[in-house]
Amino acid sequence: MNKKVDMVNTPPHYTMGSIECIDAIKEALGQEGFKSWCQGNAIKYLWRYKHKGSGLQDLEKSIFYIKRIIEELK
């Protein structure tokens, strides 16, 4: 069976071994640093979505990072 790759939530090129890059970044930066990093990424994807084809994937990535901030606030 052919499994569809989720390029927004779990892109395979962001995982090395058993750890995903975003989890390593969270551990390295701590909660406040991680929230700021997510905010910067959300802004980045919103900034450029009009310049990349349909832009849909960039908008979805922006939402992904905003949701990560929300998770940190709970």
# chains A, B, ... in the order shown; residues from 1 in each chain; ligands from 1
call {"tool": "residues_around", "arguments": {"residues": "region 38-47 of chain A", "least_positions_apart": "6", "cutoff": "6 Å", "atoms": "only C-alpha atoms", "output": "list of chain:residue names"}}
result
A:Asp58, A:Ser62, A:Tyr65
call {"tool": "select_by_dssp", "arguments": {"residues": "region 2-73 of chain A", "states": "strand (DSSP E or B)", "output": "ChimeraX atom specification"}}
result
/A:15-16,19-20
call {"tool": "residues_around", "arguments": {"residues": "Gln57 (chain A)", "least_positions_apart": "2", "cutoff": "12 Å", "atoms": "only C-alpha atoms", "output": "number ranges by chain"}}
result
A: 6-9, 11, 45-46, 48-55, 59-64
call {"tool": "write_last_selection", "arguments": {"atoms": "C-alpha atoms", "output": "PDB file, in the first residue's frame"}}
result
ATOM      1  CA  ASP A   6       2.223  14.642   5.042  1.00  0.00           C
ATOM      2  CA  MET A   7       4.550  17.469   4.005  1.00  0.00           C
ATOM      3  CA  VAL A   8       2.941  19.891   6.487  1.00  0.00           C
ATOM      4  CA  ASN A   9       2.785  18.013   9.795  1.00  0.00           C
ATOM      5  CA  PRO A  11       7.748  15.904   6.488  1.00  0.00           C
ATOM      6  CA  TYR A  45       5.201  31.154   5.866  1.00  0.00           C
ATOM      7  CA  LEU A  46       2.538  33.890   5.833  1.00  0.00           C
ATOM      8  CA  ARG A  48       5.866  34.176   1.312  1.00  0.00           C
ATOM      9  CA  TYR A  49       2.687  32.197   0.555  1.00  0.00           C
ATOM     10  CA  LYS A  50       1.656  34.461  -2.341  1.00  0.00           C
ATOM     11  CA  HIS A  51       4.963  33.883  -4.087  1.00  0.00           C
ATOM     12  CA  LYS A  52       4.999  30.080  -4.206  1.00  0.00           C
ATOM     13  CA  GLY A  53       2.510  28.573  -6.643  1.00  0.00           C
ATOM     14  CA  SER A  54      -0.852  28.153  -4.956  1.00  0.00           C
ATOM     15  CA  GLY A  55       0.619  29.010  -1.552  1.00  0.00           C
ATOM     16  CA  LEU A  59      -0.572  28.699   4.712  1.00  0.00           C
ATOM     17  CA  GLU A  60      -0.967  25.222   6.212  1.00  0.00           C
ATOM     18  CA  LYS A  61       2.570  25.397   7.626  1.00  0.00           C
ATOM     19  CA  SER A  62       1.774  28.775   9.186  1.00  0.00           C
ATOM     20  CA  ILE A  63      -1.267  27.222  10.866  1.00  0.00           C
ATOM     21  CA  PHE A  64       0.900  24.294  12.025  1.00  0.00           C
TER      22      PHE A  64
END
call {"tool": "atom_distance", "arguments": {"atom1": "CA of Cys21 (chain A)", "atom2": "CA of Trp37 (chain A)"}}
result
12.8 Å
call {"tool": "residues_around", "arguments": {"residues": "Glu72 (chain A)", "least_positions_apart": "4", "cutoff": "10 Å", "atoms": "only C-alpha atoms", "output": "ChimeraX atom specification"}}
result
/A:31-32,34-35,67-68
call {"tool": "write_last_selection", "arguments": {"atoms": "N, CA and C atoms", "output": "CSV table (one decimal), in the first residue's frame"}}
result
chain,number,residue,atom,x,y,z
A,31,GLN,N,10.8,26.4,26.5
A,31,GLN,CA,9.4,26.8,26.1
A,31,GLN,C,9.3,28.2,25.5
A,32,GLU,N,9.9,29.2,26.2
A,32,GLU,CA,9.7,30.5,25.6
A,32,GLU,C,10.4,30.7,24.3
A,34,PHE,N,11.1,28.4,22.2
A,34,PHE,CA,10.4,27.6,21.2
A,34,PHE,C,9.2,28.3,20.7
A,35,LYS,N,8.4,29.0,21.6
A,35,LYS,CA,7.2,29.7,21.2
A,35,LYS,C,7.7,30.9,20.2
A,67,LYS,N,-0.6,26.5,15.8
A,67,LYS,CA,-1.1,25.5,16.7
A,67,LYS,C,-0.1,25.0,17.7
A,68,ARG,N,1.2,24.9,17.3
A,68,ARG,CA,2.2,24.5,18.2
A,68,ARG,C,2.4,25.6,19.4
call {"tool": "atom_distance", "arguments": {"atom1": "CA of Ile66 (chain A)", "atom2": "CA of Lys26 (chain A)"}}
result
14.5 Å
call {"tool": "atom_distance", "arguments": {"atom1": "CA of Thr10 (chain A)", "atom2": "CA of Asp23 (chain A)"}}
result
11.7 Å
call {"tool": "select_by_dssp", "arguments": {"residues": "chain A", "states": "alpha helix (DSSP H)", "output": "ChimeraX atom specification"}}
result
/A:21-48,56-73
call {"tool": "closest_residue", "arguments": {"among": "A:Pro12, A:Ser36, A:Gly17, A:Leu56", "to": "Ile70 (chain A)", "atoms": "only C-alpha atoms"}}
result
A:Ser36
